[in-house]
Amino acid sequence: MANSIKHKILEIIYLKGNNYIFSATDFNLEYNRAEIDVALSTLEKEGKIRRLTRGIYDYPKYNSLLECYVAPDLNKVAYAIANKYNWNICPNGETACNYLGLSTQMPGNYIFISNGPNKKIQIGNRILEFKHSTTRETNIRCKNALLVIQAIKSIGRNQMTEEIIYKLSSKFMPSEWKTIKISAKKVTYWIYDIICFIADEVCLNG
(Lines give C-alpha, C1' and ligand atoms only; values in the text may rest on other atoms or scores of the structure.)
Protein backbone atom coordinates (compact mmCIF):
# COMPACT_ATOMS: atom_id res chain seq x y z
CA MET A 1 0.00 0.00 0.00
CA ALA A 2 2.77 2.42 1.01
CA ASN A 3 4.67 1.63 -2.18
CA SER A 4 1.53 2.26 -4.22
CA ILE A 5 1.05 5.68 -2.63
CA LYS A 6 4.71 6.50 -3.29
CA HIS A 7 4.28 5.73 -6.99
CA LYS A 8 1.04 7.71 -7.22
CA ILE A 9 2.67 10.75 -5.60
CA LEU A 10 5.66 10.42 -7.93
CA GLU A 11 3.29 10.37 -10.92
CA ILE A 12 1.73 13.63 -9.74
CA ILE A 13 5.19 15.16 -9.30
CA TYR A 14 6.29 14.07 -12.78
CA LEU A 15 3.12 15.53 -14.28
CA LYS A 16 3.91 18.89 -12.66
CA GLY A 17 7.31 18.83 -14.33
CA ASN A 18 10.81 19.98 -13.44
CA ASN A 19 11.18 22.76 -10.87
CA TYR A 20 7.90 21.78 -9.18
CA ILE A 21 8.25 22.76 -5.50
CA PHE A 22 5.95 21.24 -2.91
CA SER A 23 5.33 19.97 0.61
CA ALA A 24 3.27 17.15 2.10
CA THR A 25 0.40 19.65 2.33
CA ASP A 26 -0.03 19.49 -1.44
CA PHE A 27 -1.14 15.85 -1.17
CA ASN A 28 -3.20 16.02 2.04
CA LEU A 29 -6.57 15.83 0.29
CA GLU A 30 -5.67 12.57 -1.41
CA TYR A 31 -3.66 10.56 1.10
CA ASN A 32 -3.01 10.05 4.82
CA ARG A 33 -0.38 12.46 6.16
CA ALA A 34 1.80 9.78 7.75
CA GLU A 35 1.83 7.82 4.47
CA ILE A 36 2.70 10.98 2.53
CA ASP A 37 5.66 11.71 4.83
CA VAL A 38 6.99 8.17 4.39
CA ALA A 39 6.56 8.37 0.61
CA LEU A 40 8.36 11.71 0.31
CA SER A 41 11.19 10.57 2.58
CA THR A 42 11.64 7.43 0.47
CA LEU A 43 11.57 9.37 -2.80
CA GLU A 44 14.19 11.76 -1.44
CA LYS A 45 16.46 8.87 -0.41
CA GLU A 46 16.04 7.35 -3.88
CA GLY A 47 17.13 10.64 -5.46
CA LYS A 48 13.80 11.18 -7.23
CA ILE A 49 13.15 14.46 -5.41
CA ARG A 50 15.34 16.97 -3.57
CA ARG A 51 14.84 18.22 -0.02
CA LEU A 52 15.29 22.01 0.07
CA THR A 53 14.51 22.62 3.73
CA ARG A 54 12.41 20.96 6.38
CA GLY A 55 9.21 19.67 4.76
CA ILE A 56 9.85 21.37 1.39
CA TYR A 57 10.96 19.46 -1.70
CA ASP A 58 11.38 19.98 -5.42
CA TYR A 59 11.63 17.92 -8.58
CA PRO A 60 14.96 19.35 -9.72
CA LYS A 61 16.02 19.97 -13.28
CA TYR A 62 19.41 18.59 -14.31
CA ASN A 63 21.69 20.78 -16.43
CA SER A 64 23.65 18.37 -18.61
CA LEU A 65 26.02 21.12 -19.76
CA LEU A 66 27.04 22.10 -16.23
CA GLU A 67 26.53 18.53 -14.96
CA CYS A 68 24.56 19.63 -11.92
CA TYR A 69 21.02 20.27 -10.76
CA VAL A 70 19.59 23.75 -11.32
CA ALA A 71 19.12 25.87 -8.19
CA PRO A 72 15.47 26.21 -7.13
CA ASP A 73 13.44 29.35 -7.82
CA LEU A 74 13.33 31.03 -4.40
CA ASN A 75 10.04 32.75 -5.19
CA LYS A 76 8.43 29.35 -5.76
CA VAL A 77 10.08 28.03 -2.60
CA ALA A 78 8.64 30.94 -0.61
CA TYR A 79 5.10 30.30 -1.86
CA ALA A 80 5.44 26.57 -1.14
CA ILE A 81 6.44 27.40 2.43
CA ALA A 82 3.55 29.86 2.71
CA ASN A 83 1.13 27.23 1.46
CA LYS A 84 2.46 24.73 3.99
CA TYR A 85 1.87 27.10 6.91
CA ASN A 86 -1.19 28.84 5.42
CA TRP A 87 0.53 32.25 5.36
CA ASN A 88 -0.32 35.09 3.01
CA ILE A 89 2.93 36.47 1.63
CA CYS A 90 4.29 38.88 -0.95
CA PRO A 91 7.80 39.76 -2.19
CA ASN A 92 8.96 42.90 -0.44
CA GLY A 93 10.77 45.88 -2.00
CA GLU A 94 13.71 44.88 -4.21
CA THR A 95 12.47 41.29 -4.31
CA ALA A 96 9.18 42.44 -5.87
CA CYS A 97 10.98 44.65 -8.39
CA ASN A 98 13.28 41.81 -9.35
CA TYR A 99 10.36 39.39 -9.65
CA LEU A 100 8.57 41.79 -12.04
CA GLY A 101 11.70 42.48 -14.07
CA LEU A 102 11.84 46.14 -13.00
CA SER A 103 15.31 45.66 -11.55
CA THR A 104 18.24 43.53 -12.72
CA GLN A 105 19.91 43.71 -9.33
CA MET A 106 19.72 40.36 -7.56
CA PRO A 107 18.69 40.80 -3.94
CA GLY A 108 21.10 39.44 -1.31
CA ASN A 109 18.22 38.05 0.70
CA TYR A 110 14.82 37.24 -0.76
CA ILE A 111 12.46 39.09 1.58
CA PHE A 112 8.71 38.57 1.83
CA ILE A 113 6.13 40.31 3.98
CA SER A 114 3.89 37.84 5.73
CA ASN A 115 0.99 37.54 8.15
CA GLY A 116 3.00 34.72 9.73
CA PRO A 117 5.94 35.00 12.14
CA ASN A 118 9.38 36.44 11.41
CA LYS A 119 11.49 33.64 9.98
CA LYS A 120 14.74 33.11 8.09
CA ILE A 121 15.32 29.95 6.09
CA GLN A 122 18.54 29.01 4.33
CA ILE A 123 18.16 27.41 0.90
CA GLY A 124 21.59 26.37 -0.31
CA ASN A 125 23.75 29.48 -0.02
CA ARG A 126 20.79 31.88 -0.19
CA ILE A 127 18.46 33.20 2.48
CA LEU A 128 14.66 33.43 2.41
CA GLU A 129 13.38 35.91 4.96
CA PHE A 130 9.77 36.33 6.04
CA LYS A 131 8.93 39.56 7.87
CA HIS A 132 5.71 39.73 9.84
CA SER A 133 3.54 42.67 8.81
CA THR A 134 0.27 43.88 10.25
CA THR A 135 -0.45 46.21 7.32
CA ARG A 136 -3.72 45.72 5.45
CA GLU A 137 -1.72 44.72 2.40
CA THR A 138 -1.09 41.25 3.85
CA ASN A 139 -4.85 40.68 3.74
CA ILE A 140 -5.00 41.21 -0.02
CA ARG A 141 -5.48 37.82 -1.67
CA CYS A 142 -4.56 38.84 -5.22
CA LYS A 143 -0.91 37.87 -5.71
CA ASN A 144 -0.44 40.21 -8.68
CA ALA A 145 -1.86 43.17 -6.74
CA LEU A 146 0.51 42.52 -3.86
CA LEU A 147 3.47 42.38 -6.22
CA VAL A 148 2.55 45.65 -7.92
CA ILE A 149 1.90 47.43 -4.61
CA GLN A 150 5.24 46.38 -3.12
CA ALA A 151 7.15 47.27 -6.29
CA ILE A 152 5.60 50.75 -6.54
CA LYS A 153 6.18 51.37 -2.84
CA SER A 154 9.83 50.34 -3.18
CA ILE A 155 10.45 52.53 -6.24
CA GLY A 156 8.74 55.57 -4.70
CA ARG A 157 6.25 58.10 -6.02
CA ASN A 158 8.86 60.51 -7.39
CA GLN A 159 10.83 57.77 -9.16
CA MET A 160 7.94 56.32 -11.17
CA THR A 161 9.21 57.24 -14.62
CA GLU A 162 7.37 56.64 -17.89
CA GLU A 163 9.78 53.79 -18.62
CA ILE A 164 9.00 52.02 -15.35
CA ILE A 165 5.26 52.54 -15.82
CA TYR A 166 5.52 51.11 -19.33
CA LYS A 167 7.46 48.06 -18.11
CA LEU A 168 5.00 47.49 -15.29
CA SER A 169 1.97 47.88 -17.57
CA SER A 170 3.28 45.13 -19.86
CA LYS A 171 3.53 42.54 -17.09
CA PHE A 172 -0.18 41.72 -16.95
CA MET A 173 -3.13 41.36 -19.29
CA PRO A 174 -6.03 43.90 -19.23
CA SER A 175 -8.24 41.46 -17.31
CA GLU A 176 -5.48 41.02 -14.71
CA TRP A 177 -5.07 44.79 -14.34
CA LYS A 178 -8.82 45.08 -13.69
CA THR A 179 -8.46 42.57 -10.85
CA ILE A 180 -5.38 44.35 -9.51
CA LYS A 181 -7.25 47.67 -9.49
CA ILE A 182 -10.20 46.19 -7.59
CA SER A 183 -7.98 44.34 -5.11
CA ALA A 184 -5.77 47.36 -4.34
CA LYS A 185 -8.50 49.93 -3.69
CA LYS A 186 -7.72 50.24 0.05
CA VAL A 187 -3.97 50.89 -0.24
CA THR A 188 -2.23 54.25 0.21
CA TYR A 189 -3.84 56.80 -2.13
CA TRP A 190 -0.75 57.65 -4.22
CA ILE A 191 -0.01 53.97 -4.89
CA TYR A 192 -3.62 53.38 -5.85
CA ASP A 193 -3.57 56.42 -8.15
CA ILE A 194 -0.63 54.91 -10.06
CA ILE A 195 -2.33 51.53 -10.24
CA CYS A 196 -5.54 53.12 -11.55
CA PHE A 197 -3.62 55.09 -14.16
CA ILE A 198 -1.81 51.97 -15.44
CA ALA A 199 -4.92 49.77 -15.31
CA ASP A 200 -7.05 52.31 -17.18
CA GLU A 201 -4.38 52.83 -19.84
CA VAL A 202 -3.88 49.10 -20.36
CA CYS A 203 -7.62 48.45 -20.57
CA LEU A 204 -8.11 51.40 -22.94
CA ASN A 205 -5.33 50.27 -25.28
CA GLY A 206 -5.74 46.53 -24.77
# chains A, B, ... in the order shown; residues from 1 in each chain; ligands from 1
call {"tool": "residues_around", "arguments": {"residues": "Phe130 (chain A)", "least_positions_apart": "2", "cutoff": "7 Å", "atoms": "only C-alpha atoms", "output": "list in words"}}
result
Ile111, Phe112, Ile113, Ser114, Asn118, Lys119, Lys120, Leu128 and His132 of chain A
call {"tool": "select_by_dssp", "arguments": {"residues": "region 32-139 of chain A", "states": "strand (DSSP E or B)", "output": "VMD selection string"}}
result
chain A and resid 50 to 53 56 to 59 62 to 63 68 to 69 89 to 91 109 to 114 119 to 123 126 to 132
call {"tool": "write_last_selection", "arguments": {"atoms": "N, CA and C atoms", "output": "JSON list (two decimals), in the first residue's frame"}}
result
[["chain", "number", "residue", "atom", "x", "y", "z"],
["A", 50, "ARG", "N", 14.30, 16.33, -4.36],
["A", 50, "ARG", "CA", 15.34, 16.97, -3.57],
["A", 50, "ARG", "C", 14.73, 17.69, -2.37],
["A", 51, "ARG", "N", 15.30, 17.51, -1.22],
["A", 51, "ARG", "CA", 14.84, 18.22, -0.02],
["A", 51, "ARG", "C", 15.53, 19.57, 0.05],
["A", 52, "LEU", "N", 14.73, 20.65, 0.06],
["A", 52, "LEU", "CA", 15.29, 22.01, 0.07],
["A", 52, "LEU", "C", 15.46, 22.55, 1.47],
["A", 53, "THR", "N", 14.48, 22.27, 2.32],
["A", 53, "THR", "CA", 14.51, 22.62, 3.73],
["A", 53, "THR", "C", 13.47, 21.73, 4.40],
["A", 56, "ILE", "N", 10.00, 20.78, 2.73],
["A", 56, "ILE", "CA", 9.85, 21.37, 1.39],
["A", 56, "ILE", "C", 10.78, 20.65, 0.41],
["A", 57, "TYR", "N", 10.21, 20.23, -0.71],
["A", 57, "TYR", "CA", 10.96, 19.46, -1.70],
["A", 57, "TYR", "C", 10.77, 20.07, -3.10],
["A", 58, "ASP", "N", 11.63, 19.64, -4.02],
["A", 58, "ASP", "CA", 11.38, 19.98, -5.42],
["A", 58, "ASP", "C", 11.75, 18.80, -6.32],
["A", 59, "TYR", "N", 11.26, 18.88, -7.55],
["A", 59, "TYR", "CA", 11.63, 17.92, -8.58],
["A", 59, "TYR", "C", 12.65, 18.66, -9.43],
["A", 62, "TYR", "N", 17.97, 18.84, -14.16],
["A", 62, "TYR", "CA", 19.41, 18.59, -14.31],
["A", 62, "TYR", "C", 19.94, 19.32, -15.54],
["A", 63, "ASN", "N", 21.02, 20.07, -15.34],
["A", 63, "ASN", "CA", 21.69, 20.78, -16.43],
["A", 63, "ASN", "C", 22.84, 19.91, -16.93],
["A", 68, "CYS", "N", 25.06, 19.44, -13.28],
["A", 68, "CYS", "CA", 24.56, 19.63, -11.92],
["A", 68, "CYS", "C", 23.08, 19.97, -11.98],
["A", 69, "TYR", "N", 22.42, 19.91, -10.82],
["A", 69, "TYR", "CA", 21.02, 20.27, -10.76],
["A", 69, "TYR", "C", 20.87, 21.79, -10.66],
["A", 89, "ILE", "N", 1.64, 35.81, 1.77],
["A", 89, "ILE", "CA", 2.93, 36.47, 1.63],
["A", 89, "ILE", "C", 3.00, 37.28, 0.33],
["A", 90, "CYS", "N", 4.02, 38.12, 0.28],
["A", 90, "CYS", "CA", 4.29, 38.88, -0.95],
["A", 90, "CYS", "C", 5.75, 39.31, -0.96],
["A", 91, "PRO", "N", 6.43, 39.25, -2.12],
["A", 91, "PRO", "CA", 7.80, 39.76, -2.19],
["A", 91, "PRO", "C", 7.84, 41.22, -1.74],
["A", 109, "ASN", "N", 19.20, 38.92, 0.06],
["A", 109, "ASN", "CA", 18.22, 38.05, 0.70],
["A", 109, "ASN", "C", 16.89, 38.23, -0.03],
["A", 110, "TYR", "N", 16.16, 37.16, -0.18],
["A", 110, "TYR", "CA", 14.82, 37.24, -0.76],
["A", 110, "TYR", "C", 13.86, 37.48, 0.39],
["A", 111, "ILE", "N", 13.28, 38.69, 0.43],
["A", 111, "ILE", "CA", 12.46, 39.09, 1.58],
["A", 111, "ILE", "C", 10.99, 39.15, 1.19],
["A", 112, "PHE", "N", 10.15, 38.58, 2.05],
["A", 112, "PHE", "CA", 8.71, 38.57, 1.83],
["A", 112, "PHE", "C", 8.00, 39.10, 3.07],
["A", 113, "ILE", "N", 6.98, 39.94, 2.85],
["A", 113, "ILE", "CA", 6.13, 40.31, 3.98],
["A", 113, "ILE", "C", 5.14, 39.18, 4.18],
["A", 114, "SER", "N", 4.70, 39.01, 5.41],
["A", 114, "SER", "CA", 3.89, 37.84, 5.73],
["A", 114, "SER", "C", 2.98, 38.14, 6.91],
["A", 119, "LYS", "N", 10.78, 34.91, 10.16],
["A", 119, "LYS", "CA", 11.49, 33.64, 9.98],
["A", 119, "LYS", "C", 12.52, 33.76, 8.88],
["A", 120, "LYS", "N", 13.70, 33.19, 9.11],
["A", 120, "LYS", "CA", 14.74, 33.11, 8.09],
["A", 120, "LYS", "C", 15.03, 31.65, 7.80],
["A", 121, "ILE", "N", 15.08, 31.33, 6.50],
["A", 121, "ILE", "CA", 15.32, 29.95, 6.09],
["A", 121, "ILE", "C", 16.43, 29.93, 5.05],
["A", 122, "GLN", "N", 17.44, 29.11, 5.28],
["A", 122, "GLN", "CA", 18.54, 29.01, 4.33],
["A", 122, "GLN", "C", 18.23, 27.95, 3.29],
["A", 123, "ILE", "N", 18.34, 28.33, 2.02],
["A", 123, "ILE", "CA", 18.16, 27.41, 0.90],
["A", 123, "ILE", "C", 19.47, 27.40, 0.13],
["A", 126, "ARG", "N", 21.64, 30.69, -0.16],
["A", 126, "ARG", "CA", 20.79, 31.88, -0.19],
["A", 126, "ARG", "C", 19.82, 31.87, 1.00],
["A", 127, "ILE", "N", 19.33, 33.07, 1.32],
["A", 127, "ILE", "CA", 18.46, 33.20, 2.48],
["A", 127, "ILE", "C", 17.07, 33.69, 2.05],
["A", 128, "LEU", "N", 16.05, 32.99, 2.53],
["A", 128, "LEU", "CA", 14.66, 33.43, 2.41],
["A", 128, "LEU", "C", 14.26, 34.03, 3.74],
["A", 129, "GLU", "N", 13.77, 35.26, 3.72],
["A", 129, "GLU", "CA", 13.38, 35.91, 4.96],
["A", 129, "GLU", "C", 11.91, 36.33, 4.90],
["A", 130, "PHE", "N", 11.17, 35.94, 5.92],
["A", 130, "PHE", "CA", 9.77, 36.33, 6.04],
["A", 130, "PHE", "C", 9.66, 37.34, 7.18],
["A", 131, "LYS", "N", 9.09, 38.50, 6.87],
["A", 131, "LYS", "CA", 8.93, 39.56, 7.87],
["A", 131, "LYS", "C", 7.44, 39.73, 8.18],
["A", 132, "HIS", "N", 7.11, 39.58, 9.45],
["A", 132, "HIS", "CA", 5.71, 39.73, 9.84],
["A", 132, "HIS", "C", 5.27, 41.17, 9.62]]
call {"tool": "atom_distance", "arguments": {"atom1": "CA of Lys167 (chain A)", "atom2": "CA of Leu100 (chain A)"}}
result
8.8 Å
call {"tool": "closest_atom_pairs", "arguments": {"of": "region 35-80 of chain A", "to": "region 20-26 of chain A", "cutoff": "12 Å", "atoms": "only C-alpha atoms", "output": "tab-separated table"}}
result
residue	atom	partner	partner_atom	distance
A:Glu35	CA	A:Ala24	CA	9.7
A:Ile36	CA	A:Ala24	CA	6.2
A:Asp37	CA	A:Ala24	CA	6.5
A:Val38	CA	A:Ala24	CA	10.0
A:Ala39	CA	A:Ala24	CA	9.5
A:Leu40	CA	A:Ala24	CA	7.7
A:Ser41	CA	A:Ala24	CA	10.3
A:Ile49	CA	A:Ile21	CA	9.6
A:Arg50	CA	A:Ile21	CA	9.4
A:Arg51	CA	A:Ser23	CA	9.7
A:Leu52	CA	A:Ile21	CA	9.0
A:Thr53	CA	A:Ser23	CA	10.1
A:Arg54	CA	A:Ser23	CA	9.2
A:Gly55	CA	A:Ser23	CA	5.7
A:Ile56	CA	A:Ser23	CA	4.8
A:Tyr57	CA	A:Phe22	CA	5.5
A:Asp58	CA	A:Ile21	CA	4.2
A:Tyr59	CA	A:Tyr20	CA	5.4
A:Pro60	CA	A:Tyr20	CA	7.5
A:Lys61	CA	A:Tyr20	CA	9.3
A:Ala71	CA	A:Ile21	CA	11.6
A:Pro72	CA	A:Ile21	CA	8.2
A:Asp73	CA	A:Ile21	CA	8.7
A:Leu74	CA	A:Ile21	CA	9.8
A:Asn75	CA	A:Ile21	CA	10.2
A:Lys76	CA	A:Ile21	CA	6.6
A:Val77	CA	A:Ile21	CA	6.3
A:Ala78	CA	A:Ile21	CA	9.5
A:Tyr79	CA	A:Ile21	CA	8.9
A:Ala80	CA	A:Phe22	CA	5.6
call {"tool": "residues_around", "arguments": {"residues": "region 175-187 of chain A", "least_positions_apart": "3", "cutoff": "7 Å", "atoms": "only C-alpha atoms", "output": "PyMOL selection string"}}
result
chain A and resi 140+142+144-145+172+191-192+195-196+199
call {"tool": "closest_residue", "arguments": {"among": "A:Thr188, A:Asn28, A:Ser4, A:Ser154", "to": "Cys97 (chain A)", "atoms": "only C-alpha atoms"}}
result
A:Ser154
call {"tool": "closest_residue", "arguments": {"among": "A:Asn86, A:Asn125, A:Gln150, A:Ser64", "to": "Asn98 (chain A)", "atoms": "only C-alpha atoms"}}
result
A:Gln150
call {"tool": "closest_residue", "arguments": {"among": "A:Leu65, A:Ala96, A:Ile165, A:Leu43", "to": "Phe197 (chain A)", "atoms": "only C-alpha atoms"}}
result
A:Ile165
